[in-house]
>>> print(open('start.pdb').read())   # PDB, C-alpha atoms
ATOM      1  CA  MET A   1     -54.091 158.891 117.416  1.00  0.00           C
ATOM      2  CA  ARG A   2     -50.784 160.253 116.212  1.00  0.00           C
ATOM      3  CA  LEU A   3     -47.846 157.896 115.614  1.00  0.00           C
ATOM      4  CA  PRO A   4     -44.651 159.896 114.921  1.00  0.00           C
ATOM      5  CA  THR A   5     -42.448 157.049 113.582  1.00  0.00           C
ATOM      6  CA  VAL A   6     -42.678 153.707 111.826  1.00  0.00           C
ATOM      7  CA  GLU A   7     -41.529 152.072 115.058  1.00  0.00           C
ATOM      8  CA  ASP A   8     -44.423 153.785 116.883  1.00  0.00           C
ATOM      9  CA  THR A   9     -46.752 152.261 114.270  1.00  0.00           C
ATOM     10  CA  ARG A  10     -45.290 148.807 114.957  1.00  0.00           C
ATOM     11  CA  ASP A  11     -45.545 149.389 118.718  1.00  0.00           C
ATOM     12  CA  PHE A  12     -49.202 150.333 118.382  1.00  0.00           C
ATOM     13  CA  GLY A  13     -49.763 147.209 116.284  1.00  0.00           C
ATOM     14  CA  ARG A  14     -48.100 145.150 119.025  1.00  0.00           C
ATOM     15  CA  ALA A  15     -50.474 146.637 121.620  1.00  0.00           C
ATOM     16  CA  LEU A  16     -53.448 145.972 119.338  1.00  0.00           C
ATOM     17  CA  GLY A  17     -52.265 142.411 118.741  1.00  0.00           C
ATOM     18  CA  ARG A  18     -52.362 141.770 122.480  1.00  0.00           C
ATOM     19  CA  VAL A  19     -56.130 142.457 122.625  1.00  0.00           C
ATOM     20  CA  LEU A  20     -56.988 140.385 119.558  1.00  0.00           C
ATOM     21  CA  ARG A  21     -58.475 136.903 119.809  1.00  0.00           C
ATOM     22  CA  PRO A  22     -59.624 134.098 117.508  1.00  0.00           C
ATOM     23  CA  GLY A  23     -62.395 135.222 115.176  1.00  0.00           C
ATOM     24  CA  ASP A  24     -61.260 138.832 114.979  1.00  0.00           C
ATOM     25  CA  LEU A  25     -61.281 140.542 111.594  1.00  0.00           C
ATOM     26  CA  VAL A  26     -59.232 143.723 111.191  1.00  0.00           C
ATOM     27  CA  LEU A  27     -59.349 145.826 108.015  1.00  0.00           C
ATOM     28  CA  LEU A  28     -56.433 148.167 107.357  1.00  0.00           C
ATOM     29  CA  SER A  29     -57.057 151.092 105.042  1.00  0.00           C
ATOM     30  CA  GLY A  30     -54.882 153.948 103.864  1.00  0.00           C
ATOM     31  CA  PRO A  31     -52.912 155.077 100.838  1.00  0.00           C
ATOM     32  CA  LEU A  32     -49.799 153.362  99.523  1.00  0.00           C
ATOM     33  CA  GLY A  33     -46.981 153.750 102.023  1.00  0.00           C
ATOM     34  CA  ALA A  34     -49.299 154.623 104.903  1.00  0.00           C
ATOM     35  CA  GLY A  35     -47.892 151.917 107.158  1.00  0.00           C
ATOM     36  CA  LYS A  36     -50.405 149.099 106.827  1.00  0.00           C
ATOM     37  CA  THR A  37     -47.709 146.432 106.674  1.00  0.00           C
ATOM     38  CA  ALA A  38     -45.757 148.005 109.566  1.00  0.00           C
ATOM     39  CA  LEU A  39     -48.939 147.887 111.636  1.00  0.00           C
ATOM     40  CA  ALA A  40     -49.508 144.243 110.612  1.00  0.00           C
ATOM     41  CA  GLN A  41     -45.930 143.432 111.659  1.00  0.00           C
ATOM     42  CA  GLY A  42     -46.686 144.869 115.077  1.00  0.00           C
ATOM     43  CA  ILE A  43     -49.917 142.875 115.292  1.00  0.00           C
ATOM     44  CA  GLY A  44     -47.933 139.725 114.510  1.00  0.00           C
ATOM     45  CA  ALA A  45     -45.504 140.582 117.320  1.00  0.00           C
ATOM     46  CA  GLY A  46     -48.422 141.166 119.697  1.00  0.00           C
ATOM     47  CA  LEU A  47     -49.733 137.718 118.778  1.00  0.00           C
ATOM     48  CA  ASP A  48     -46.274 136.240 119.487  1.00  0.00           C
ATOM     49  CA  VAL A  49     -45.911 135.088 115.883  1.00  0.00           C
ATOM     50  CA  PRO A  50     -42.409 133.687 115.389  1.00  0.00           C
ATOM     51  CA  GLY A  51     -40.350 134.932 112.485  1.00  0.00           C
ATOM     52  CA  GLU A  52     -40.799 137.885 110.203  1.00  0.00           C
ATOM     53  CA  VAL A  53     -44.173 139.204 109.045  1.00  0.00           C
ATOM     54  CA  THR A  54     -43.753 140.440 105.485  1.00  0.00           C
ATOM     55  CA  SER A  55     -46.155 141.966 103.026  1.00  0.00           C
ATOM     56  CA  PRO A  56     -48.355 139.388 101.303  1.00  0.00           C
ATOM     57  CA  THR A  57     -48.667 141.604  98.210  1.00  0.00           C
ATOM     58  CA  PHE A  58     -47.492 138.990  95.726  1.00  0.00           C
ATOM     59  CA  VAL A  59     -48.917 135.876  97.399  1.00  0.00           C
ATOM     60  CA  ILE A  60     -52.122 137.675  98.509  1.00  0.00           C
ATOM     61  CA  ALA A  61     -52.385 135.777 101.814  1.00  0.00           C
ATOM     62  CA  ARG A  62     -49.933 134.408 104.376  1.00  0.00           C
ATOM     63  CA  VAL A  63     -50.766 132.262 107.376  1.00  0.00           C
ATOM     64  CA  HIS A  64     -48.444 132.615 110.358  1.00  0.00           C
ATOM     65  CA  ARG A  65     -48.653 129.818 112.910  1.00  0.00           C
ATOM     66  CA  GLY A  66     -46.869 129.203 116.173  1.00  0.00           C
ATOM     67  CA  GLY A  67     -48.074 132.296 117.983  1.00  0.00           C
ATOM     68  CA  ARG A  68     -50.804 132.678 120.537  1.00  0.00           C
ATOM     69  CA  VAL A  69     -53.382 132.577 117.716  1.00  0.00           C
ATOM     70  CA  PRO A  70     -52.954 131.760 114.009  1.00  0.00           C
ATOM     71  CA  PHE A  71     -52.482 135.026 112.110  1.00  0.00           C
ATOM     72  CA  VAL A  72     -53.842 135.346 108.565  1.00  0.00           C
ATOM     73  CA  HIS A  73     -52.410 138.406 106.794  1.00  0.00           C
ATOM     74  CA  VAL A  74     -54.052 139.317 103.479  1.00  0.00           C
ATOM     75  CA  ASP A  75     -53.346 141.992 100.886  1.00  0.00           C
ATOM     76  CA  ALA A  76     -56.567 142.438  98.910  1.00  0.00           C
ATOM     77  CA  TYR A  77     -55.224 145.243  96.711  1.00  0.00           C
ATOM     78  CA  ARG A  78     -55.286 143.151  93.531  1.00  0.00           C
ATOM     79  CA  LEU A  79     -58.583 141.418  94.297  1.00  0.00           C
ATOM     80  CA  GLY A  80     -61.360 142.971  92.310  1.00  0.00           C
ATOM     81  CA  THR A  81     -64.392 140.743  92.497  1.00  0.00           C
ATOM     82  CA  PRO A  82     -66.207 139.006  95.340  1.00  0.00           C
ATOM     83  CA  GLY A  83     -65.402 135.714  93.608  1.00  0.00           C
ATOM     84  CA  GLU A  84     -61.674 136.362  93.927  1.00  0.00           C
ATOM     85  CA  VAL A  85     -62.091 136.976  97.648  1.00  0.00           C
ATOM     86  CA  ASP A  86     -64.209 133.817  97.961  1.00  0.00           C
ATOM     87  CA  ASP A  87     -61.448 131.819  96.237  1.00  0.00           C
ATOM     88  CA  LEU A  88     -59.153 132.561  99.196  1.00  0.00           C
ATOM     89  CA  ASP A  89     -61.478 130.600 101.540  1.00  0.00           C
ATOM     90  CA  LEU A  90     -60.887 133.124 104.296  1.00  0.00           C
ATOM     91  CA  ASP A  91     -64.215 132.179 105.835  1.00  0.00           C
ATOM     92  CA  ALA A  92     -62.770 128.712 106.544  1.00  0.00           C
ATOM     93  CA  SER A  93     -60.155 130.150 108.919  1.00  0.00           C
ATOM     94  CA  VAL A  94     -61.684 133.362 110.232  1.00  0.00           C
ATOM     95  CA  ASP A  95     -63.280 131.775 113.334  1.00  0.00           C
ATOM     96  CA  ASP A  96     -60.006 130.227 114.518  1.00  0.00           C
ATOM     97  CA  SER A  97     -57.579 132.989 113.533  1.00  0.00           C
ATOM     98  CA  VAL A  98     -56.941 136.685 113.696  1.00  0.00           C
ATOM     99  CA  THR A  99     -57.435 137.869 110.124  1.00  0.00           C
ATOM    100  CA  VAL A 100     -55.890 141.190 109.082  1.00  0.00           C
ATOM    101  CA  VAL A 101     -56.718 142.435 105.588  1.00  0.00           C
ATOM    102  CA  GLU A 102     -54.923 145.312 103.932  1.00  0.00           C
ATOM    103  CA  TRP A 103     -57.091 147.044 101.300  1.00  0.00           C
ATOM    104  CA  GLY A 104     -60.071 144.986 102.494  1.00  0.00           C
ATOM    105  CA  GLY A 105     -62.717 147.708 102.578  1.00  0.00           C
ATOM    106  CA  GLY A 106     -65.763 146.748 100.544  1.00  0.00           C
ATOM    107  CA  LYS A 107     -64.366 143.247 100.001  1.00  0.00           C
ATOM    108  CA  VAL A 108     -64.263 141.213 103.217  1.00  0.00           C
ATOM    109  CA  GLU A 109     -66.583 142.759 105.815  1.00  0.00           C
ATOM    110  CA  GLN A 110     -69.046 139.895 105.333  1.00  0.00           C
ATOM    111  CA  LEU A 111     -66.555 137.436 106.838  1.00  0.00           C
ATOM    112  CA  ALA A 112     -67.490 138.418 110.404  1.00  0.00           C
ATOM    113  CA  ASP A 113     -70.449 139.913 112.218  1.00  0.00           C
ATOM    114  CA  ALA A 114     -68.118 142.392 113.911  1.00  0.00           C
ATOM    115  CA  TYR A 115     -64.820 143.817 112.708  1.00  0.00           C
ATOM    116  CA  LEU A 116     -62.366 146.602 113.382  1.00  0.00           C
ATOM    117  CA  GLU A 117     -61.439 149.103 110.706  1.00  0.00           C
ATOM    118  CA  VAL A 118     -58.070 150.803 111.157  1.00  0.00           C
ATOM    119  CA  ARG A 119     -57.664 153.905 109.002  1.00  0.00           C
ATOM    120  CA  ILE A 120     -54.087 155.097 108.552  1.00  0.00           C
ATOM    121  CA  GLU A 121     -53.218 158.447 107.013  1.00  0.00           C
ATOM    122  CA  ARG A 122     -49.767 159.842 106.324  1.00  0.00           C
ATOM    123  CA  GLY A 123     -48.760 163.077 107.999  1.00  0.00           C
ATOM    124  CA  ASP A 124     -47.087 166.035 106.353  1.00  0.00           C
ATOM    125  CA  ASP A 125     -43.586 164.908 107.331  1.00  0.00           C
ATOM    126  CA  ASP A 126     -43.868 161.453 105.654  1.00  0.00           C
ATOM    127  CA  GLU A 127     -43.035 159.688 108.954  1.00  0.00           C
ATOM    128  CA  THR A 128     -46.023 160.606 111.115  1.00  0.00           C
ATOM    129  CA  ARG A 129     -49.185 158.548 110.839  1.00  0.00           C
ATOM    130  CA  GLU A 130     -52.680 159.399 112.025  1.00  0.00           C
ATOM    131  CA  VAL A 131     -54.594 156.282 113.013  1.00  0.00           C
ATOM    132  CA  THR A 132     -58.332 156.129 113.510  1.00  0.00           C
ATOM    133  CA  LEU A 133     -59.998 153.021 114.945  1.00  0.00           C
ATOM    134  CA  VAL A 134     -63.554 152.389 113.772  1.00  0.00           C
ATOM    135  CA  PRO A 135     -65.266 149.490 115.555  1.00  0.00           C
ATOM    136  CA  HIS A 136     -68.121 147.826 113.684  1.00  0.00           C
ATOM    137  CA  HIS A 137     -70.465 145.956 116.025  1.00  0.00           C
ATOM    138  CA  GLY A 138     -69.473 143.472 118.707  1.00  0.00           C
ATOM    139  CA  ASP A 139     -67.470 144.367 121.791  1.00  0.00           C
ATOM    140  CA  TRP A 140     -64.706 146.267 120.004  1.00  0.00           C
ATOM    141  CA  SER A 141     -65.310 149.566 121.808  1.00  0.00           C
ATOM    142  CA  ALA A 142     -64.846 147.989 125.222  1.00  0.00           C
ATOM    143  CA  ARG A 143     -61.827 145.970 124.119  1.00  0.00           C
ATOM    144  CA  LEU A 144     -60.130 148.991 122.601  1.00  0.00           C
ATOM    145  CA  ALA A 145     -60.559 151.193 125.655  1.00  0.00           C
ATOM    146  CA  SER A 146     -57.078 150.238 126.869  1.00  0.00           C
ATOM    147  CA  LEU A 147     -55.569 151.477 123.610  1.00  0.00           C
ATOM    148  CA  ALA A 148     -57.276 154.875 123.788  1.00  0.00           C
ATOM    149  CA  ALA A 149     -54.830 156.023 126.451  1.00  0.00           C
ATOM    150  CA  ARG A 150     -51.942 155.858 123.953  1.00  0.00           C
TER     151      ARG A 150
END
>>> encode(input="start.pdb", output="structure tokens")
Amino acid sequence: MRLPTVEDTRDFGRALGRVLRPGDLVLLSGPLGAGKTALAQGIGAGLDVPGEVTSPTFVIARVHRGGRVPFVHVDAYRLGTPGEVDDLDLDASVDDSVTVVEWGGGKVEQLADAYLEVRIERGDDDETREVTLVPHHGDWSARLASLAAR
């Protein structure tokens, strides 16, 4: 799907956030500046998270409470080994939260039996984003059907 502006990316994240539920794991992939954090901000809004959702780059993980579901937002860019991922204890909260991991490919898939991969690519004009949703197991395909019309 094509998202022409950063605000469109946030709006899509908001729509995605509305279909998420406790236990969901979402992996965001794409190059630097692709819009992973903007999408996560929209997801937070869709989960009714109060306050601002900011990049967890320097703290690695932030937990946002007070919304419809606790929202765990992780930036795994600087995590190199499985042990470093294990040290975050994400498996302790994954069943009760929506967990969104930027740069999580190859690092966190084992946290859930089913997960959604969101691939974001930058367009030629630096504003446009191309988003591809890749469901892995579970009922993701059925749950995402409402988003396909976007």
>>> closest_residue(input="start.pdb", among="A:Lys36, A:Arg68, A:Arg119, A:Arg78", to="Asp48 of chain A", atoms="all atoms listed in the file")
A:Arg68
>>> closest_atom_pairs(input="start.pdb", of="segment 32-71 of chain A", to="segment 100-118 of chain A", cutoff="8 Å", atoms="all atoms listed in the file", output="Markdown table")
| residue | atom | partner | partner_atom | distance |
| --- | --- | --- | --- | --- |
| A:Lys36 | CA | A:Glu102 | CA | 6.6 |
| A:Thr37 | CA | A:Glu102 | CA | 7.8 |
| A:Ala40 | CA | A:Val100 | CA | 7.2 |
| A:Phe71 | CA | A:Val100 | CA | 7.7 |
>>> closest_residue(input="start.pdb", among="A:Thr99, A:Leu16, A:Val49, A:Leu39", to="Ala61 of chain A", atoms="all atoms listed in the file")
A:Thr99
>>> closest_residue(input="start.pdb", among="A:Gly138, A:Ser55, A:Gly123, A:Ser146", to="Pro31 of chain A", atoms="only C-alpha atoms")
A:Gly123
>>> closest_residue(input="start.pdb", among="A:Ala45, A:Leu3, A:Ala145, A:Leu79", to="Glu130 of chain A", atoms="all atoms listed in the file")
A:Leu3
>>> closest_residue(input="start.pdb", among="A:Arg143, A:Asp75, A:Gly42, A:Asp96", to="Ser29 of chain A", atoms="only C-alpha atoms")
A:Asp75
>>> residues_around(input="start.pdb", residues="Arg129 of chain A", least_positions_apart="3", cutoff="12 Å", atoms="all atoms listed in the file", output="tab-separated table (two decimals) with C-alpha atoms, in the coordinates of the input")
chain	number	residue	atom	x	y	z
A	1	MET	CA	-54.09	158.89	117.42
A	2	ARG	CA	-50.78	160.25	116.21
A	3	LEU	CA	-47.85	157.90	115.61
A	4	PRO	CA	-44.65	159.90	114.92
A	5	THR	CA	-42.45	157.05	113.58
A	6	VAL	CA	-42.68	153.71	111.83
A	7	GLU	CA	-41.53	152.07	115.06
A	8	ASP	CA	-44.42	153.78	116.88
A	9	THR	CA	-46.75	152.26	114.27
A	10	ARG	CA	-45.29	148.81	114.96
A	12	PHE	CA	-49.20	150.33	118.38
A	30	GLY	CA	-54.88	153.95	103.86
A	31	PRO	CA	-52.91	155.08	100.84
A	33	GLY	CA	-46.98	153.75	102.02
A	34	ALA	CA	-49.30	154.62	104.90
A	35	GLY	CA	-47.89	151.92	107.16
A	36	LYS	CA	-50.40	149.10	106.83
A	38	ALA	CA	-45.76	148.00	109.57
A	39	LEU	CA	-48.94	147.89	111.64
A	118	VAL	CA	-58.07	150.80	111.16
A	119	ARG	CA	-57.66	153.90	109.00
A	120	ILE	CA	-54.09	155.10	108.55
A	121	GLU	CA	-53.22	158.45	107.01
A	122	ARG	CA	-49.77	159.84	106.32
A	123	GLY	CA	-48.76	163.08	108.00
A	124	ASP	CA	-47.09	166.04	106.35
A	125	ASP	CA	-43.59	164.91	107.33
A	126	ASP	CA	-43.87	161.45	105.65
A	132	THR	CA	-58.33	156.13	113.51
>>> closest_residue(input="start.pdb", among="A:Ile60, A:Leu27, A:Val131, A:Val72", to="Val98 of chain A", atoms="all atoms listed in the file")
A:Val72
>>> residues_near_point(input="start.pdb", point="(-44.5, 139.8, 108.1)", cutoff="8 Å", atoms="all atoms listed in the file", output="PyMOL selection string")
chain A and resi 37+40-41+44+51-56
>>> atom_distance(input="start.pdb", atom1="atom CA of His64 of chain A", atom2="atom CA of Trp140 of chain A")
23.3 Å
>>> atom_distance(input="start.pdb", atom1="atom CA of Arg18 of chain A", atom2="atom CA of Ile43 of chain A")
7.7 Å
>>> atom_distance(input="start.pdb", atom1="atom CA of Asp11 of chain A", atom2="atom CA of Thr128 of chain A")
13.6 Å
>>> axis_aligned_box(input="start.pdb", around="segment 98-107 of chain A", padding_each_side="3 Å", output="JSON")
{"center_x": -60.3, "center_y": 142.2, "center_z": 106.8, "size_x": 16.8, "size_y": 17.0, "size_z": 19.7}
